[in-house]
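Dropping entry21.cif in here (mmCIF, C-alpha atoms (C1' of nucleotides)):
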data_my_file
#
loop_
_atom_site.label_atom_id
_atom_site.label_comp_id
_atom_site.auth_asym_id
_atom_site.auth_seq_id
_atom_site.Cartn_x
_atom_site.Cartn_y
_atom_site.Cartn_z
CA MET A 19 88.57 90.17 92.43
CA THR A 20 90.87 93.09 93.17
CA ASN A 21 90.34 93.62 96.86
CA ASN A 22 87.31 95.58 97.90
CA LEU A 23 89.42 97.63 100.29
CA ASP A 24 91.38 99.06 97.36
CA THR A 25 88.47 101.00 95.98
CA PHE A 26 87.13 101.76 99.43
CA PHE A 27 90.32 103.33 100.74
CA GLY A 28 90.89 104.99 97.39
CA ALA A 29 87.44 106.53 97.59
CA MET A 30 88.02 107.74 101.13
CA SER A 31 91.39 109.30 100.39
CA ASP A 32 89.81 112.45 99.01
CA PRO A 33 88.47 115.15 101.35
CA THR A 34 85.58 116.06 99.06
CA ARG A 35 84.44 112.46 98.98
CA ARG A 36 84.83 112.02 102.72
CA ALA A 37 82.76 115.16 103.23
CA VAL A 38 80.04 113.66 101.04
CA ILE A 39 80.05 110.52 103.16
CA GLU A 40 79.94 112.59 106.34
CA ARG A 41 76.88 114.30 104.93
CA LEU A 42 75.22 111.12 103.74
CA VAL A 43 75.41 109.26 107.06
CA THR A 44 72.85 111.78 108.28
CA GLY A 45 70.49 110.84 105.46
CA PRO A 46 70.03 110.77 101.65
CA ALA A 47 70.34 113.91 99.56
CA PRO A 48 70.00 115.10 95.97
CA VAL A 49 73.14 115.80 93.94
CA SER A 50 72.66 119.55 93.98
CA GLU A 51 72.46 119.66 97.76
CA LEU A 52 75.56 117.52 98.11
CA HIS A 53 77.37 119.72 95.65
CA ALA A 54 76.43 123.06 97.19
CA PRO A 55 79.08 123.32 99.97
CA HIS A 56 81.91 122.40 97.60
CA ASP A 57 83.63 125.04 95.56
CA ILE A 58 84.26 122.91 92.50
CA ALA A 59 82.51 122.60 89.16
CA LEU A 60 79.50 120.29 89.04
CA PRO A 61 81.00 117.87 86.49
CA THR A 62 84.07 117.52 88.69
CA PHE A 63 81.85 116.86 91.67
CA LEU A 64 79.82 114.31 89.73
CA ARG A 65 82.98 112.34 89.08
CA HIS A 66 83.63 112.20 92.80
CA LEU A 67 80.15 110.79 93.21
CA LYS A 68 80.91 108.25 90.51
CA VAL A 69 84.02 107.14 92.39
CA LEU A 70 81.91 106.69 95.51
CA GLU A 71 79.26 104.80 93.59
CA ASP A 72 81.81 102.58 91.83
CA SER A 73 83.32 101.71 95.19
CA GLY A 74 79.91 100.57 96.42
CA LEU A 75 79.82 103.18 99.17
CA VAL A 76 76.88 104.98 97.69
CA ARG A 77 73.87 104.39 95.50
CA SER A 78 71.52 106.72 93.73
CA GLU A 79 68.21 106.79 91.92
CA LYS A 80 66.89 109.38 89.57
CA LYS A 81 63.32 110.56 89.81
CA GLY A 82 62.31 113.29 87.44
CA ARG A 83 65.35 115.47 87.05
CA VAL A 84 66.61 114.90 90.58
CA ARG A 85 69.09 112.20 91.46
CA THR A 86 68.98 111.19 95.11
CA VAL A 87 72.08 109.70 96.67
CA HIS A 88 72.20 107.48 99.74
CA ILE A 89 74.96 105.74 101.59
CA GLU A 90 75.60 102.02 101.63
CA ALA A 91 76.98 101.46 105.11
CA ALA A 92 78.32 97.94 104.69
CA PRO A 93 81.67 98.93 103.14
CA LEU A 94 82.33 101.25 106.08
CA ALA A 95 81.83 98.34 108.43
CA VAL A 96 84.13 96.11 106.36
CA ALA A 97 86.94 98.65 106.54
CA GLU A 98 86.32 99.25 110.22
CA ASP A 99 86.61 95.51 110.79
CA TRP A 100 89.85 95.34 108.86
CA LEU A 101 91.35 98.17 110.90
CA GLN A 102 90.10 96.72 114.15
CA ASN A 103 91.62 93.40 113.21
CA GLN A 104 95.01 94.95 112.55
CA ARG A 105 94.82 96.82 115.81
CA LEU A 106 93.91 93.67 117.74
CA ILE A 107 96.82 91.79 116.22
CA TRP A 108 99.11 94.66 117.05
CA GLU A 109 97.78 94.90 120.60
CA GLY A 110 98.06 91.16 120.93
CA ARG A 111 101.69 91.51 120.09
CA ILE A 112 102.05 94.18 122.74
CA ASP A 113 100.36 91.86 125.19
CA ARG A 114 102.74 89.10 124.25
CA LEU A 115 105.69 91.40 124.78
CA ALA A 116 104.27 92.44 128.15
CA ALA A 117 103.81 88.80 129.07
CA LEU A 118 107.34 88.06 127.97
CA ALA A 119 108.69 90.95 130.02
CA GLU A 120 106.73 89.75 133.01
CA GLN A 121 108.06 86.26 132.51
CA ILE A 122 111.61 87.59 132.39
CA GLU A 123 110.87 89.57 135.56
CA ARG A 124 109.83 86.38 137.29
CA THR A 125 112.74 84.35 135.94
CA ALA A 126 115.40 86.93 136.82
CA PRO A 127 114.11 89.26 139.53
CA MET B 20 96.26 121.30 107.73
CA THR B 21 95.17 119.05 104.92
CA ASN B 22 93.45 116.31 106.80
CA ASN B 23 95.54 113.50 108.17
CA LEU B 24 93.01 111.04 106.84
CA ASP B 25 93.91 112.01 103.28
CA THR B 26 97.36 110.52 103.42
CA PHE B 27 96.23 107.68 105.62
CA PHE B 28 93.49 106.48 103.30
CA GLY B 29 95.69 107.16 100.31
CA ALA B 30 98.40 104.98 101.83
CA MET B 31 95.96 102.19 102.56
CA SER B 32 94.41 102.21 99.10
CA ASP B 33 97.22 100.10 97.66
CA PRO B 34 97.27 96.32 98.20
CA THR B 35 101.05 96.15 98.44
CA ARG B 36 101.06 98.76 101.18
CA ARG B 37 98.20 97.12 103.05
CA ALA B 38 100.09 93.84 102.90
CA VAL B 39 103.11 95.58 104.43
CA ILE B 40 100.94 96.89 107.25
CA GLU B 41 99.42 93.45 107.76
CA ARG B 42 102.91 92.09 108.10
CA LEU B 43 104.12 94.86 110.37
CA VAL B 44 101.36 94.54 112.95
CA THR B 45 102.97 91.24 113.84
CA GLY B 46 106.29 92.97 114.49
CA PRO B 47 109.09 95.01 112.92
CA ALA B 48 111.01 93.73 109.90
CA PRO B 49 113.91 94.72 107.64
CA VAL B 50 113.19 96.07 104.17
CA SER B 51 114.40 92.94 102.40
CA GLU B 52 112.06 90.72 104.39
CA LEU B 53 109.13 93.03 103.73
CA HIS B 54 109.99 93.09 100.05
CA ALA B 55 110.45 89.34 99.59
CA PRO B 56 106.79 88.28 99.10
CA HIS B 57 106.12 91.02 96.55
CA ASP B 58 106.88 90.50 92.91
CA ILE B 59 107.96 94.05 92.15
CA ALA B 60 111.33 95.74 91.79
CA LEU B 61 113.01 96.89 94.99
CA PRO B 62 113.05 100.59 94.09
CA THR B 63 109.34 100.42 93.40
CA PHE B 64 108.78 98.73 96.73
CA LEU B 65 110.90 101.34 98.50
CA ARG B 66 108.61 104.04 97.23
CA HIS B 67 105.66 102.23 98.73
CA LEU B 68 107.52 102.25 102.02
CA LYS B 69 108.14 105.96 101.60
CA VAL B 70 104.42 106.56 101.12
CA LEU B 71 103.74 104.65 104.33
CA GLU B 72 106.44 106.55 106.18
CA ASP B 73 105.27 109.93 104.84
CA SER B 74 101.77 109.13 106.03
CA GLY B 75 103.10 108.48 109.52
CA LEU B 76 101.98 104.87 109.50
CA VAL B 77 105.46 103.53 109.68
CA ARG B 78 108.94 104.43 110.88
CA SER B 79 112.33 102.98 110.23
CA GLU B 80 115.91 103.06 111.45
CA LYS B 81 119.01 101.97 109.66
CA LYS B 82 121.67 100.00 111.45
CA GLY B 83 124.59 98.84 109.39
CA ARG B 84 123.20 98.08 105.97
CA VAL B 85 119.84 96.94 107.28
CA ARG B 86 116.85 99.24 107.61
CA THR B 87 114.28 98.01 110.07
CA VAL B 88 110.69 99.13 109.68
CA HIS B 89 108.06 99.23 112.38
CA ILE B 90 104.43 100.26 112.48
CA GLU B 91 103.07 103.36 114.18
CA ALA B 92 99.64 102.21 115.33
CA ALA B 93 98.10 105.56 116.22
CA PRO B 94 96.98 106.48 112.67
CA LEU B 95 95.16 103.15 112.41
CA ALA B 96 93.25 104.04 115.55
CA VAL B 97 92.42 107.52 114.23
CA ALA B 98 90.94 106.09 111.06
CA GLU B 99 89.10 103.41 112.98
CA ASP B 100 87.59 106.13 115.16
CA TRP B 101 86.50 108.13 112.16
CA LEU B 102 84.81 105.12 110.60
CA GLN B 103 83.20 104.14 113.87
CA ASN B 104 81.91 107.66 114.26
CA GLN B 105 80.32 107.63 110.82
CA ARG B 106 78.76 104.27 111.54
CA LEU B 107 77.36 105.47 114.85
CA ILE B 108 75.80 108.51 113.24
CA TRP B 109 74.35 106.34 110.53
CA GLU B 110 73.02 103.84 113.05
CA GLY B 111 71.65 106.67 115.14
CA ARG B 112 69.71 107.73 112.12
CA ILE B 113 68.36 104.22 111.70
CA ASP B 114 67.34 104.24 115.33
CA ARG B 115 65.59 107.56 114.87
CA LEU B 116 63.73 106.15 111.86
CA ALA B 117 62.73 103.10 113.88
CA ALA B 118 61.53 105.37 116.68
CA LEU B 119 59.58 107.42 114.17
CA ALA B 120 58.00 104.30 112.69
CA GLU B 121 57.08 103.11 116.15
CA GLN B 122 55.58 106.47 116.96
CA ILE B 123 53.49 106.35 113.79
CA GLU B 124 52.43 102.84 114.72
CA ARG B 125 51.19 104.10 118.06
CA THR B 126 49.51 107.17 116.58
CA ALA B 127 47.65 105.28 113.85
CA PRO B 128 47.36 101.60 114.75
"C1'" DA C 13 141.10 93.01 99.21
"C1'" DA C 14 137.32 91.03 96.68
"C1'" DG C 15 132.71 89.79 96.48
"C1'" DA C 16 128.18 89.49 98.05
"C1'" DT C 17 124.32 91.89 100.54
"C1'" DT C 18 121.29 95.50 101.33
"C1'" DG C 19 119.68 99.32 100.28
"C1'" DT C 20 119.63 104.11 97.48
"C1'" DT C 21 119.39 107.49 93.70
"C1'" DA C 22 118.29 108.94 89.16
"C1'" DG C 23 115.73 108.91 85.22
"C1'" DT C 24 112.04 107.15 82.08
"C1'" DC C 25 107.35 105.80 80.93
"C1'" DA C 26 102.25 104.84 80.88
"C1'" DT C 27 98.15 105.47 83.16
"C1'" DA C 28 95.14 107.48 86.69
"C1'" DT C 29 93.35 111.46 89.02
"C1'" DG C 30 91.30 115.83 89.84
"C1'" DG C 31 90.35 119.99 87.91
"C1'" DC C 32 88.24 122.89 84.06
"C1'" DT C 33 84.92 124.65 80.07
"C1'" DA C 34 81.48 124.04 76.63
"C1'" DA C 35 77.58 122.16 75.08
"C1'" DG C 36 73.66 118.97 75.46
"C1'" DT C 37 69.30 116.61 77.49
"C1'" DA C 38 65.34 115.95 80.23
"C1'" DA C 39 61.95 117.74 83.68
"C1'" DT C 40 59.46 121.31 85.64
"C1'" DG C 41 57.78 126.01 86.46
"C1'" DT C 42 55.49 130.29 84.39
"C1'" DA D 14 55.93 127.63 74.31
"C1'" DC D 15 59.87 129.21 76.84
"C1'" DA D 16 62.90 129.61 80.52
"C1'" DT D 17 64.91 127.44 84.30
"C1'" DT D 18 66.60 123.71 86.82
"C1'" DA D 19 69.22 119.68 87.46
"C1'" DC D 20 72.06 117.02 85.87
"C1'" DT D 21 75.08 114.69 81.71
"C1'" DT D 22 78.52 114.08 78.22
"C1'" DA D 23 82.68 115.19 75.91
"C1'" DG D 24 87.08 116.77 75.75
"C1'" DC D 25 91.18 119.04 77.49
"C1'" DC D 26 95.07 119.80 80.78
"C1'" DA D 27 98.47 119.36 84.66
"C1'" DT D 28 100.10 116.62 88.16
"C1'" DA D 29 100.46 112.32 90.79
"C1'" DT D 30 101.16 107.42 90.92
"C1'" DG D 31 103.14 102.99 90.20
"C1'" DA D 32 106.24 100.40 87.59
"C1'" DC D 33 110.76 99.76 85.29
"C1'" DT D 34 116.16 99.76 84.46
"C1'" DA D 35 120.78 101.28 85.37
"C1'" DA D 36 124.15 102.72 88.20
"C1'" DC D 37 125.89 103.88 92.86
"C1'" DA D 38 127.07 103.39 97.96
"C1'" DA D 39 127.78 101.32 102.14
"C1'" DT D 40 128.28 97.23 104.90
"C1'" DC D 41 129.34 92.65 106.08
"C1'" DT D 42 131.79 87.93 104.70
"C1'" DT D 43 135.42 85.27 103.31
#
If you convert what's in this file into structure tokens, what do you get?
Amino acid sequence: MTNNLDTFFGAMSDPTRRAVIERLVTGPAPVSELHAPHDIALPTFLRHLKVLEDSGLVRSEKKGRVRTVHIEAAPLAVAEDWLQNQRLIWEGRIDRLAALAEQIERTAP
Amino acid sequence: MTNNLDTFFGAMSDPTRRAVIERLVTGPAPVSELHAPHDIALPTFLRHLKVLEDSGLVRSEKKGRVRTVHIEAAPLAVAEDWLQNQRLIWEGRIDRLAALAEQIERTAP
DNA sequence: AAGATTGTTAGTCATATGGCTAAGTAATGT
DNA sequence: ACATTACTTAGCCATATGACTAACAATCTT
């Protein structure tokens, strides 16, 4: 499997798509409503939605002629965890450096 | 300003670049060491580094013939915050739904 | 000084990405 | 039935992205 994070970060690297996510965390919406604030052609917008759906960030169901889109929050959490992890490792390193500095302080005051 | 998150997420959407970040959170390293584990040509790898540097995730200094690269953790934190924010909004919505359900329960038991 | 290391620059190539228009389909409103 | 709404599909275009080789430059090492 080509890492999940690939498609996630790829999906989030576009402002239109991030805006859609920002909208969807407040609740599901039909395609037309999601499209409205964006000044791009509908087909172009639909392909952004497809990217989001392919990345697993979003799902949709069609009822009648309306397709309703909703967010799938899990991938957000996965990415958040990854970032947090990196930060913790990095901070741990800082802590280690601080500890080392302190140790040097004690050894050679 | 074209959102900071654009270049950040774009930078993180590539596995090679994420691997570099994962390595760099444990401490700075010269280009050659960063390149070693990756089975791609050096020039190709250098362009990945440039993407990371352009996105502000990484900086580097050259001393003699060795260029040492180190991470800039702030962008990681910014992205983590953004994701956390989205999650909180989403969870807030869940809470509101739960509250609504509870309210309905009480109204019509 | 000669050779090995460690990048760097330049140029090519294939594919992916983000945008468009035009035309089509399936529901729904009148 | 007909028009309108709400997507869908198909196809085109320009630019960006990720990979390569070849050749160059600047340090060490010996």
Work out where the centre of an axis-aligned box around every listed atom of segment 22-34 of chain C lies and how long its edges are once 6 Å is added on each side; give both in Å to one decimal as AutoDock Vina command-line options.
--center_x 99.9 --center_y 114.7 --center_z 83.2 --size_x 48.8 --size_y 31.8 --size_z 25.2
Could you superpose chain B on chain A by least squares over every Cα, matched in sequence order, and send it back as a compact mmCIF listing (two decimals) with C-alpha atoms, keeping the file's coordinate frame?
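result_20.txt was written with the following content:
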# COMPACT_ATOMS: atom_id res chain seq x y z
CA MET B 20 89.08 89.77 92.78
CA THR B 21 91.15 92.86 93.36
CA ASN B 22 90.45 93.55 96.97
CA ASN B 23 87.36 95.51 97.85
CA LEU B 24 89.43 97.58 100.23
CA ASP B 25 91.38 99.03 97.32
CA THR B 26 88.47 100.98 95.94
CA PHE B 27 87.11 101.71 99.38
CA PHE B 28 90.29 103.29 100.71
CA GLY B 29 90.87 104.97 97.38
CA ALA B 30 87.40 106.50 97.57
CA MET B 31 87.96 107.70 101.11
CA SER B 32 91.34 109.24 100.40
CA ASP B 33 89.78 112.41 99.01
CA PRO B 34 88.45 115.11 101.36
CA THR B 35 85.56 116.03 99.08
CA ARG B 36 84.40 112.44 98.98
CA ARG B 37 84.79 111.98 102.72
CA ALA B 38 82.73 115.12 103.24
CA VAL B 39 80.01 113.63 101.03
CA ILE B 40 80.02 110.47 103.14
CA GLU B 41 79.90 112.53 106.32
CA ARG B 42 76.87 114.27 104.95
CA LEU B 43 75.20 111.10 103.73
CA VAL B 44 75.37 109.23 107.02
CA THR B 45 72.83 111.73 108.25
CA GLY B 46 70.47 110.82 105.42
CA PRO B 47 70.03 110.78 101.64
CA ALA B 48 70.34 113.96 99.58
CA PRO B 49 70.02 115.16 95.98
CA VAL B 50 73.15 115.86 93.97
CA SER B 51 72.68 119.63 94.04
CA GLU B 52 72.48 119.69 97.82
CA LEU B 53 75.57 117.51 98.13
CA HIS B 54 77.40 119.75 95.70
CA ALA B 55 76.45 123.08 97.27
CA PRO B 56 79.10 123.29 100.03
CA HIS B 57 81.94 122.40 97.67
CA ASP B 58 83.67 125.04 95.64
CA ILE B 59 84.29 122.93 92.55
CA ALA B 60 82.56 122.62 89.20
CA LEU B 61 79.54 120.33 89.04
CA PRO B 62 81.02 117.92 86.49
CA THR B 63 84.07 117.53 88.69
CA PHE B 64 81.85 116.86 91.67
CA LEU B 65 79.83 114.32 89.69
CA ARG B 66 82.96 112.34 89.06
CA HIS B 67 83.61 112.20 92.77
CA LEU B 68 80.13 110.80 93.17
CA LYS B 69 80.89 108.25 90.47
CA VAL B 70 83.99 107.14 92.35
CA LEU B 71 81.88 106.67 95.48
CA GLU B 72 79.22 104.80 93.55
CA ASP B 73 81.77 102.59 91.76
CA SER B 74 83.27 101.70 95.11
CA GLY B 75 79.86 100.57 96.34
CA LEU B 76 79.78 103.16 99.10
CA VAL B 77 76.86 104.97 97.64
CA ARG B 78 73.82 104.45 95.44
CA SER B 79 71.48 106.79 93.69
CA GLU B 80 68.16 106.92 91.89
CA LYS B 81 66.87 109.55 89.56
CA LYS B 82 63.31 110.75 89.80
CA GLY B 83 62.31 113.55 87.49
CA ARG B 84 65.36 115.73 87.13
CA VAL B 85 66.60 115.06 90.64
CA ARG B 86 69.07 112.33 91.49
CA THR B 87 68.97 111.28 95.11
CA VAL B 88 72.05 109.74 96.65
CA HIS B 89 72.16 107.49 99.68
CA ILE B 90 74.93 105.73 101.55
CA GLU B 91 75.54 101.99 101.56
CA ALA B 92 76.93 101.41 105.04
CA ALA B 93 78.27 97.89 104.63
CA PRO B 94 81.63 98.88 103.08
CA LEU B 95 82.27 101.21 106.02
CA ALA B 96 81.77 98.27 108.35
CA VAL B 97 84.10 96.06 106.29
CA ALA B 98 86.88 98.61 106.48
CA GLU B 99 86.26 99.19 110.16
CA ASP B 100 86.56 95.45 110.72
CA TRP B 101 89.81 95.29 108.82
CA LEU B 102 91.29 98.12 110.85
CA GLN B 103 90.04 96.66 114.09
CA ASN B 104 91.57 93.35 113.16
CA GLN B 105 94.96 94.91 112.51
CA ARG B 106 94.75 96.78 115.79
CA LEU B 107 93.86 93.63 117.69
CA ILE B 108 96.79 91.75 116.21
CA TRP B 109 99.06 94.63 117.04
CA GLU B 110 97.72 94.86 120.57
CA GLY B 111 98.02 91.11 120.94
CA ARG B 112 101.65 91.49 120.11
CA ILE B 113 102.01 94.17 122.77
CA ASP B 114 100.35 91.86 125.24
CA ARG B 115 102.72 89.07 124.30
CA LEU B 116 105.67 91.42 124.82
CA ALA B 117 104.29 92.45 128.20
CA ALA B 118 103.86 88.78 129.12
CA LEU B 119 107.41 88.10 128.00
CA ALA B 120 108.73 91.00 130.06
CA GLU B 121 106.81 89.77 133.06
CA GLN B 122 108.17 86.30 132.57
CA ILE B 123 111.71 87.66 132.44
CA GLU B 124 110.98 89.65 135.57
CA ARG B 125 109.97 86.47 137.35
CA THR B 126 112.90 84.46 136.00
CA ALA B 127 115.55 87.03 136.92
CA PRO B 128 114.25 89.36 139.63
Within 10 Å of chain B, which residues of chain C show up when using all atoms listed in the file, listed as a PyMOL selection string? chain C and resi 17-21
Would you mind exporting the chosen residues as a PDB file, keeping the file's coordinate frame, restricted to C-alpha atoms (C1' of nucleotides)?
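Result file follows (part_26.pdb):
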ATOM      1  C1'  DT C  17     124.320  91.890 100.540  1.00  0.00           C
ATOM      2  C1'  DT C  18     121.290  95.500 101.330  1.00  0.00           C
ATOM      3  C1'  DG C  19     119.680  99.320 100.280  1.00  0.00           C
ATOM      4  C1'  DT C  20     119.630 104.110  97.480  1.00  0.00           C
ATOM      5  C1'  DT C  21     119.390 107.490  93.700  1.00  0.00           C
TER       6       DT C  21
END
Name every residue that the PyMOL selection byres ((chain D and resi 37) around 10) selects in this structure, writing the answer as number ranges by chain with chains first and numbers rising. C: 20-22; D: 35-36, 38-39
Atoms kept (C-alpha atoms (C1' of nucleotides)) for selection, written as an mmCIF file, keeping the file's coordinate frame:
data_model
loop_
_atom_site.group_PDB
_atom_site.id
_atom_site.type_symbol
_atom_site.label_atom_id
_atom_site.label_comp_id
_atom_site.auth_asym_id
_atom_site.auth_seq_id
_atom_site.Cartn_x
_atom_site.Cartn_y
_atom_site.Cartn_z
ATOM 1 C "C1'" DT C 20 119.630 104.110 97.480
ATOM 2 C "C1'" DT C 21 119.390 107.490 93.700
ATOM 3 C "C1'" DA C 22 118.290 108.940 89.160
ATOM 4 C "C1'" DA D 35 120.780 101.280 85.370
ATOM 5 C "C1'" DA D 36 124.150 102.720 88.200
ATOM 6 C "C1'" DA D 38 127.070 103.390 97.960
ATOM 7 C "C1'" DA D 39 127.780 101.320 102.140
#
Segment 27-38 of chain C: which residues within 12 Å, counting only C-alpha atoms (C1' of nucleotides), same-chain residues fewer than 2 positions away excluded, as a VMD selection string? (chain A and resid 28 to 29 31 to 35 57 to 66 69 80 to 84) or (chain C and resid 25 40) or (chain D and resid 18 to 32)
Set the cut-off to 9 Å and count only C-alpha atoms: what are the residues of chain B that reach chain A? Output as an mmCIF file with C-alpha atoms, in the coordinates of the input.
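Generated output (selection04.cif):
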data_model
loop_
_atom_site.group_PDB
_atom_site.id
_atom_site.type_symbol
_atom_site.label_atom_id
_atom_site.label_comp_id
_atom_site.auth_asym_id
_atom_site.auth_seq_id
_atom_site.Cartn_x
_atom_site.Cartn_y
_atom_site.Cartn_z
ATOM 1 C CA THR B 21 95.170 119.050 104.920
ATOM 2 C CA ASN B 22 93.450 116.310 106.800
ATOM 3 C CA LEU B 24 93.010 111.040 106.840
ATOM 4 C CA ASP B 25 93.910 112.010 103.280
ATOM 5 C CA THR B 26 97.360 110.520 103.420
ATOM 6 C CA PHE B 27 96.230 107.680 105.620
ATOM 7 C CA PHE B 28 93.490 106.480 103.300
ATOM 8 C CA GLY B 29 95.690 107.160 100.310
ATOM 9 C CA ALA B 30 98.400 104.980 101.830
ATOM 10 C CA MET B 31 95.960 102.190 102.560
ATOM 11 C CA SER B 32 94.410 102.210 99.100
ATOM 12 C CA ASP B 33 97.220 100.100 97.660
ATOM 13 C CA PRO B 34 97.270 96.320 98.200
ATOM 14 C CA ILE B 40 100.940 96.890 107.250
ATOM 15 C CA GLU B 41 99.420 93.450 107.760
ATOM 16 C CA LEU B 43 104.120 94.860 110.370
ATOM 17 C CA VAL B 44 101.360 94.540 112.950
ATOM 18 C CA THR B 45 102.970 91.240 113.840
ATOM 19 C CA GLY B 46 106.290 92.970 114.490
ATOM 20 C CA ILE B 90 104.430 100.260 112.480
ATOM 21 C CA ALA B 92 99.640 102.210 115.330
ATOM 22 C CA LEU B 95 95.160 103.150 112.410
ATOM 23 C CA ALA B 96 93.250 104.040 115.550
ATOM 24 C CA ALA B 98 90.940 106.090 111.060
ATOM 25 C CA GLU B 99 89.100 103.410 112.980
ATOM 26 C CA ASP B 100 87.590 106.130 115.160
ATOM 27 C CA LEU B 102 84.810 105.120 110.600
ATOM 28 C CA GLN B 103 83.200 104.140 113.870
ATOM 29 C CA GLN B 105 80.320 107.630 110.820
ATOM 30 C CA ARG B 106 78.760 104.270 111.540
ATOM 31 C CA LEU B 107 77.360 105.470 114.850
ATOM 32 C CA ILE B 108 75.800 108.510 113.240
ATOM 33 C CA TRP B 109 74.350 106.340 110.530
ATOM 34 C CA GLU B 110 73.020 103.840 113.050
ATOM 35 C CA GLY B 111 71.650 106.670 115.140
ATOM 36 C CA ARG B 112 69.710 107.730 112.120
#
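Between atom CA of Lys68 of chain A and atom CA of Leu71 of chain B lies a distance of 26.9 Å.
Reported to one decimal place, the separation of atom C1' of DT34 of chain D from atom CA of Thr87 of chain B is 25.7 Å.
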For DG41 of chain C, list every protein, DNA or RNA residue within 12 Å, evaluated using all atoms listed in the file, and leave out those in the same chain fewer than 4 positions away; present the list as number ranges by chain. D: 15-18
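Here atom CA of His54 of chain B stands at a distance of 17.1 Å from atom CA of Leu76 of chain B.
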Selection under test: the PyMOL selection byres ((chain C and resi 16) around 12); residues as a VMD selection string: (chain C and resid 14 to 15 17 to 18) or (chain D and resid 40 to 43)
